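Trainee: File model-v4.csv below, CSV, C-alpha atoms:
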```csv
chain,number,residue,atom,x,y,z
A,865,MET,CA,123.3,96.9,157.4
A,866,ARG,CA,119.6,96.7,158.0
A,867,GLY,CA,118.1,93.3,157.2
A,868,ILE,CA,115.3,92.6,154.8
A,869,ALA,CA,111.9,92.9,156.4
A,870,LYS,CA,110.3,89.6,157.2
A,871,VAL,CA,107.1,88.2,158.6
A,872,VAL,CA,107.2,85.2,160.9
A,873,LEU,CA,104.0,83.1,160.7
A,874,ALA,CA,103.0,80.0,162.6
A,875,LEU,CA,101.1,77.5,160.5
A,876,VAL,CA,99.0,79.9,158.4
A,877,ALA,CA,99.5,83.0,156.2
A,878,LEU,CA,98.0,86.2,157.4
A,879,ALA,CA,96.4,88.7,155.0
A,880,LEU,CA,97.9,92.0,155.9
A,881,VAL,CA,96.8,95.6,155.1
A,882,ILE,CA,98.7,98.6,156.5
A,883,TYR,CA,97.2,102.1,157.0
A,884,ILE,CA,98.5,105.4,158.4
A,885,VAL,CA,96.8,107.2,161.2
A,886,PRO,CA,97.6,110.9,160.9
A,887,ARG,CA,98.6,112.5,164.3
A,888,GLY,CA,95.7,114.2,166.0
A,889,VAL,CA,93.3,113.4,163.1
A,890,ARG,CA,90.7,110.7,163.3
A,891,ALA,CA,90.4,110.2,159.5
A,892,ILE,CA,92.4,107.3,158.2
A,893,GLY,CA,95.0,107.8,155.5
A,894,GLY,CA,95.6,105.7,152.3
A,895,ALA,CA,96.0,102.0,152.3
A,896,THR,CA,98.8,99.9,151.0
A,897,ASN,CA,98.7,96.1,150.6
A,898,VAL,CA,101.6,94.3,152.2
A,899,THR,CA,102.9,91.0,150.9
A,900,PRO,CA,104.4,88.9,153.7
A,901,ALA,CA,107.9,87.5,153.3
A,902,ALA,CA,108.6,83.8,153.7
A,903,SER,CA,107.5,82.5,157.1
A,904,GLU,CA,109.8,80.6,159.5
A,905,THR,CA,109.0,77.9,162.1
A,906,PHE,CA,110.6,74.8,163.7
A,907,THR,CA,109.8,71.2,164.0
A,908,PRO,CA,109.9,69.7,167.6
A,909,ILE,CA,112.3,66.9,168.0
A,910,ASN,CA,111.2,63.6,169.6
A,911,GLY,CA,113.2,62.0,172.4
A,912,SER,CA,113.7,58.3,172.9
A,913,ILE,CA,114.8,55.8,175.5
A,914,ALA,CA,115.9,52.2,175.1
A,915,VAL,CA,114.4,50.0,177.8
A,916,THR,CA,114.8,46.4,179.0
A,917,ALA,CA,112.2,44.4,180.8
A,918,GLY,CA,112.7,44.0,184.5
A,919,ASN,CA,114.2,47.5,185.0
A,920,ILE,CA,112.7,50.7,186.5
A,921,TYR,CA,113.9,53.9,185.0
A,922,GLU,CA,114.0,57.4,186.3
A,923,PHE,CA,113.4,59.5,183.2
A,924,ASN,CA,113.1,63.2,183.6
A,925,LEU,CA,111.8,65.1,180.6
A,926,THR,CA,112.2,68.6,179.2
A,927,THR,CA,110.1,69.6,176.2
A,928,THR,CA,110.0,72.4,173.6
A,929,ASP,CA,106.7,72.3,171.8
A,930,LYS,CA,105.4,74.6,169.0
A,931,THR,CA,102.5,76.9,169.8
A,932,TYR,CA,99.4,76.8,167.6
A,933,ARG,CA,97.8,79.9,169.2
A,934,TRP,CA,100.2,82.7,168.2
A,935,VAL,CA,102.1,84.3,165.3
A,936,GLY,CA,104.9,86.8,165.3
A,937,LEU,CA,105.4,89.7,162.9
A,938,TRP,CA,108.6,91.7,162.6
A,939,GLY,CA,110.4,93.9,160.1
A,940,ASN,CA,111.2,97.4,159.0
A,941,ILE,CA,108.9,100.3,158.1
A,942,THR,CA,109.4,102.9,155.3
A,943,GLY,CA,106.8,105.1,153.6
A,944,THR,CA,105.5,108.5,152.8
A,945,ILE,CA,103.3,111.3,154.2
A,946,ASN,CA,101.2,112.7,151.4
A,947,LEU,CA,99.2,115.8,150.7
A,948,ARG,CA,96.9,114.5,148.0
A,949,ALA,CA,93.5,114.4,146.4
A,950,ALA,CA,91.7,111.1,145.5
A,951,SER,CA,94.4,110.0,143.2
A,952,ASN,CA,96.9,112.8,142.6
A,953,ASP,CA,99.7,113.9,145.0
A,954,PHE,CA,100.2,117.6,145.8
A,955,TYR,CA,103.3,117.0,147.9
A,956,THR,CA,105.0,113.9,149.3
A,957,TRP,CA,107.4,113.6,152.3
A,958,SER,CA,109.4,110.3,152.3
A,959,PHE,CA,110.9,108.7,155.3
A,960,GLY,CA,113.6,106.0,155.1
A,961,THR,CA,113.7,105.5,158.8
A,962,ILE,CA,110.5,105.7,160.8
A,963,THR,CA,110.4,108.0,163.9
A,964,ALA,CA,110.8,106.3,167.3
A,965,ASP,CA,107.6,106.1,169.4
A,966,SER,CA,105.4,105.9,166.4
A,967,VAL,CA,102.9,103.0,167.0
A,968,LEU,CA,101.9,100.0,165.0
A,969,TYR,CA,98.4,98.7,165.6
A,970,ALA,CA,96.9,95.3,164.6
A,971,THR,CA,93.2,94.4,164.8
A,972,THR,CA,90.8,92.0,163.1
A,973,ASP,CA,88.4,94.9,162.7
A,974,PRO,CA,88.7,96.4,159.2
A,975,THR,CA,86.8,99.6,160.2
A,976,GLY,CA,89.9,101.2,161.7
A,977,VAL,CA,91.2,102.4,165.0
A,978,ASP,CA,90.8,105.7,167.0
A,979,PRO,CA,93.5,106.0,169.7
A,980,THR,CA,91.4,108.6,171.6
A,981,ASN,CA,88.8,105.8,172.2
A,982,PHE,CA,91.2,103.3,173.7
A,983,ASN,CA,90.5,102.1,177.2
A,984,ILE,CA,92.3,100.5,180.1
A,985,THR,CA,92.6,96.7,180.3
A,986,ASN,CA,93.0,94.2,183.2
A,987,ASN,CA,92.9,90.5,183.8
A,988,THR,CA,89.1,90.4,183.3
A,989,HIS,CA,89.6,91.7,179.8
A,990,LEU,CA,92.3,89.1,179.2
A,991,ASP,CA,89.8,86.4,180.1
A,992,GLN,CA,87.3,87.9,177.7
A,993,ALA,CA,90.0,88.0,175.0
A,994,ASP,CA,90.8,84.3,175.5
A,995,THR,CA,87.1,83.5,175.1
A,996,ALA,CA,86.9,85.6,171.9
A,997,TYR,CA,89.8,83.8,170.3
A,998,GLY,CA,88.5,80.4,171.5
A,999,TYR,CA,91.2,79.6,174.1
A,1000,ALA,CA,90.3,77.6,177.2
A,1001,GLY,CA,91.3,79.1,180.5
A,1002,THR,CA,93.5,76.1,181.3
A,1003,VAL,CA,95.9,76.2,178.3
A,1004,THR,CA,99.5,77.3,179.1
A,1005,ASP,CA,99.9,79.7,176.2
A,1006,ARG,CA,96.6,81.5,176.5
A,1007,ILE,CA,96.4,85.3,176.3
A,1008,GLU,CA,96.1,85.7,180.1
A,1009,ASN,CA,99.4,83.8,180.6
A,1010,THR,CA,101.1,86.0,178.0
A,1011,TYR,CA,100.2,89.6,178.9
A,1012,THR,CA,101.2,89.2,182.5
A,1013,SER,CA,102.6,92.7,183.1
A,1014,SER,CA,101.0,96.1,183.1
A,1015,GLY,CA,102.2,99.5,182.0
A,1016,THR,CA,101.2,102.9,180.6
A,1017,PHE,CA,100.3,103.3,177.0
A,1018,GLN,CA,100.2,106.7,175.4
A,1019,SER,CA,100.2,107.1,171.6
A,1020,PRO,CA,101.2,110.4,169.9
A,1021,SER,CA,97.5,111.5,169.6
A,1022,MET,CA,96.5,110.7,173.2
A,1023,GLU,CA,96.6,113.5,175.7
A,1024,THR,CA,97.1,111.2,178.7
A,1025,GLY,CA,98.2,107.6,179.1
A,1026,ILE,CA,96.1,104.6,180.2
A,1027,THR,CA,97.1,101.5,182.2
A,1028,VAL,CA,97.0,98.4,180.1
A,1029,ASN,CA,98.3,94.8,180.0
A,1030,THR,CA,101.7,94.3,178.4
A,1031,THR,CA,104.2,91.7,177.4
A,1032,THR,CA,107.9,92.0,176.5
A,1033,LEU,CA,109.2,89.7,173.8
A,1034,GLN,CA,112.4,87.6,174.0
A,1035,SER,CA,114.4,90.3,172.3
A,1036,ALA,CA,113.6,92.5,175.3
A,1037,THR,CA,113.4,95.5,172.9
A,1038,TRP,CA,109.8,95.9,172.0
A,1039,THR,CA,106.9,96.0,174.6
A,1040,ASN,CA,103.6,94.9,173.2
A,1041,TYR,CA,100.3,96.4,174.5
A,1042,PHE,CA,96.8,94.9,174.8
A,1043,LEU,CA,94.1,97.5,174.2
A,1044,ARG,CA,90.3,97.8,174.2
A,1045,LYS,CA,88.9,99.7,171.2
A,1046,THR,CA,86.2,101.2,173.5
A,1047,ASN,CA,85.1,101.2,177.1
A,1048,GLY,CA,82.8,98.1,176.6
A,1049,ASN,CA,83.5,94.4,177.4
A,1050,ILE,CA,85.3,92.3,174.8
A,1051,ALA,CA,82.8,90.2,173.0
A,1052,THR,CA,84.7,89.5,169.7
A,1053,THR,CA,88.3,89.8,168.5
A,1054,ASN,CA,87.2,93.0,166.7
A,1055,ASP,CA,87.0,94.7,170.2
A,1056,ILE,CA,90.8,94.3,170.7
A,1057,VAL,CA,93.8,96.2,169.4
A,1058,TRP,CA,97.3,94.9,169.7
A,1059,ALA,CA,100.0,97.5,169.6
A,1060,VAL,CA,103.8,98.0,169.7
A,1061,GLU,CA,105.8,101.2,169.9
A,1062,ILE,CA,108.3,101.5,167.0
A,1063,ASN,CA,112.0,101.3,168.1
A,1064,PRO,CA,114.0,101.7,164.8
A,1065,ASN,CA,117.0,99.7,163.8
A,1066,GLN,CA,117.3,97.4,166.8
A,1067,ALA,CA,118.6,93.8,167.0
A,1068,ALA,CA,115.7,91.5,166.3
A,1069,PHE,CA,114.9,88.2,168.0
A,1070,ASP,CA,117.4,86.3,165.8
A,1071,GLY,CA,120.3,88.4,167.1
A,1072,THR,CA,121.7,89.2,163.7
A,1073,THR,CA,119.0,91.2,161.8
A,1074,TYR,CA,117.9,94.7,162.6
A,1075,ALA,CA,114.3,95.6,162.7
A,1076,ASP,CA,111.9,98.5,163.6
A,1077,TYR,CA,109.2,96.4,165.4
A,1078,GLU,CA,108.2,92.9,166.7
A,1079,ILE,CA,104.6,92.2,167.5
A,1080,LEU,CA,102.9,89.0,168.9
A,1081,LEU,CA,99.4,88.3,167.7
A,1082,PRO,CA,96.9,85.5,168.6
A,1083,GLU,CA,95.9,83.1,165.8
A,1084,ASN,CA,93.8,80.0,166.7
A,1085,GLU,CA,94.9,76.8,165.0
A,1086,GLU,CA,93.5,74.5,167.6
A,1087,VAL,CA,92.3,71.1,166.3
A,1088,GLY,CA,88.6,71.2,165.8
A,1089,ASP,CA,88.4,74.9,166.5
A,1090,GLY,CA,90.4,77.4,164.5
A,1091,GLU,CA,92.5,74.8,162.5
A,1092,GLY,CA,92.8,75.7,158.8
A,1093,VAL,CA,91.0,79.1,159.2
A,1094,VAL,CA,93.1,82.0,158.0
A,1095,THR,CA,93.0,85.1,160.3
A,1096,THR,CA,93.2,88.5,158.7
A,1097,TYR,CA,94.8,91.3,160.7
A,1098,TYR,CA,94.6,95.0,159.6
A,1099,LEU,CA,97.6,97.0,160.5
A,1100,TRP,CA,97.4,100.7,161.2
A,1101,LEU,CA,100.4,103.0,161.7
A,1102,GLU,CA,100.4,106.2,163.8
A,1103,LEU,CA,103.4,108.4,163.1
A,1104,ASN,CA,105.1,110.3,165.9
```
With the file now loaded, output its structure as structure tokens.

Mentor:
Amino acid sequence: MRGIAKVVLALVALALVIYIVPRGVRAIGGATNVTPAASETFTPINGSIAVTAGNIYEFNLTTTDKTYRWVGLWGNITGTINLRAASNDFYTWSFGTITADSVLYATTDPTGVDPTNFNITNNTHLDQADTAYGYAGTVTDRIENTYTSSGTFQSPSMETGITVNTTTLQSATWTNYFLRKTNGNIATTNDIVWAVEINPNQAAFDGTTYADYEILLPENEEVGDGEGVVTTYYLWLELN
């Protein structure tokens, strides 16, 4: 049985809006507000050692710490395709299971996305993205250290694919893509689009629930920088 759609958030709640990008059409479809489900996280456990004066101890450590630079979203997608006027439907097509290779996009830019304008990315653009999100080039979980692979991205409305930076999540099912909105340099987070190809009804990261997507998104909660500032991502869906 398919599980209930969830949103996994680290430290803050995201304001989410989801849109549909009609295939081959640049105009954006209707918007639906999405209410996130309960977030999940973990609390790191401290280790200890009992010591006695006069002794020298070899004490090798392994740590599992919690990131404050990323959030994860995952869940299922259902919806409709509508032929409609401003407020009245002429005809509605419902889908209970979304088609494979549809694409979910996330960006902090509320003005929308146009897949035909997407451009290649490389390590220079990853450095620019780290700067845009306020991440130093020395932190372990920066963007450059996360999108360490490359691959071809081609959405349903793109005639040819482009080479971009990618990362594969722990579930090994969903590849995430790092995209530029245009051919310019990345100056702000609005210049970036994060994407994942939909793979319906697959085992999610927890190993028990089934989901249609998982996507990893930057969210800066660094002390003295982004701490306490809510990030709003706008989600756009391009159906295959």

Trainee: Nearest to Phe959 (chain A): which of A:Asn1084, A:Asp1070, A:Ile945, A:Gly911 is it, counting all atoms listed in the file?

Mentor: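 Closest residue, counting all atoms listed in the file: A:Ile945.
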
Trainee: By how many Å are CA of Val935 (chain A) and CA of Glu1078 (chain A) apart?

Mentor: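 Taking CA of Val935 (chain A) and CA of Glu1078 (chain A), their separation equals 10.6 Å.
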
Trainee: With a distance cut-off of 9 Å and all atoms listed in the file, select the neighbouring residues of Trp957 (chain A), excluding the residue or stretch itself and same-chain residues fewer than 5 positions from it, and output the selection as a list in words.

Mentor: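 Here the qualifying residues turn out to be Gly943, Thr944, Ile945, Asn946 and Leu947 of chain A.
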
Trainee: Which distance in Å separates CA of Thr980 (chain A) and CA of Tyr1011 (chain A), to one decimal?

Mentor: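 The value is 22.2 Å.
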
Trainee: Compare A:Ala993, A:Val1057, A:Leu937, A:Val967 by their minimum atom-to-atom distance to Met1022 (chain A), counting all atoms listed in the file, and give me the closest one.

Mentor: A:Val967

Trainee: Excluding same-chain residues fewer than 3 positions from Thr1039 (chain A), what lies within 12 Å of it counting all atoms listed in the file, as a ChimeraX atom specification?

Mentor: /A:965,967-968,1011-1017,1028-1036,1042,1058-1063,1077-1080

Trainee: Quick one: residues within 12 Å of Asn910 (chain A), only C-alpha atoms, excluding same-chain residues fewer than 2 positions away - as a ChimeraX atom specification?

Mentor: /A:907-908,912-913,925-929

Trainee: Mind pulling up the distance from CA of Asn1104 (chain A) to CA of Ser1019 (chain A)?

Mentor: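 According to the coordinates, CA of Ser1019 (chain A) and CA of Asn1104 (chain A) are separated by 8.2 Å.
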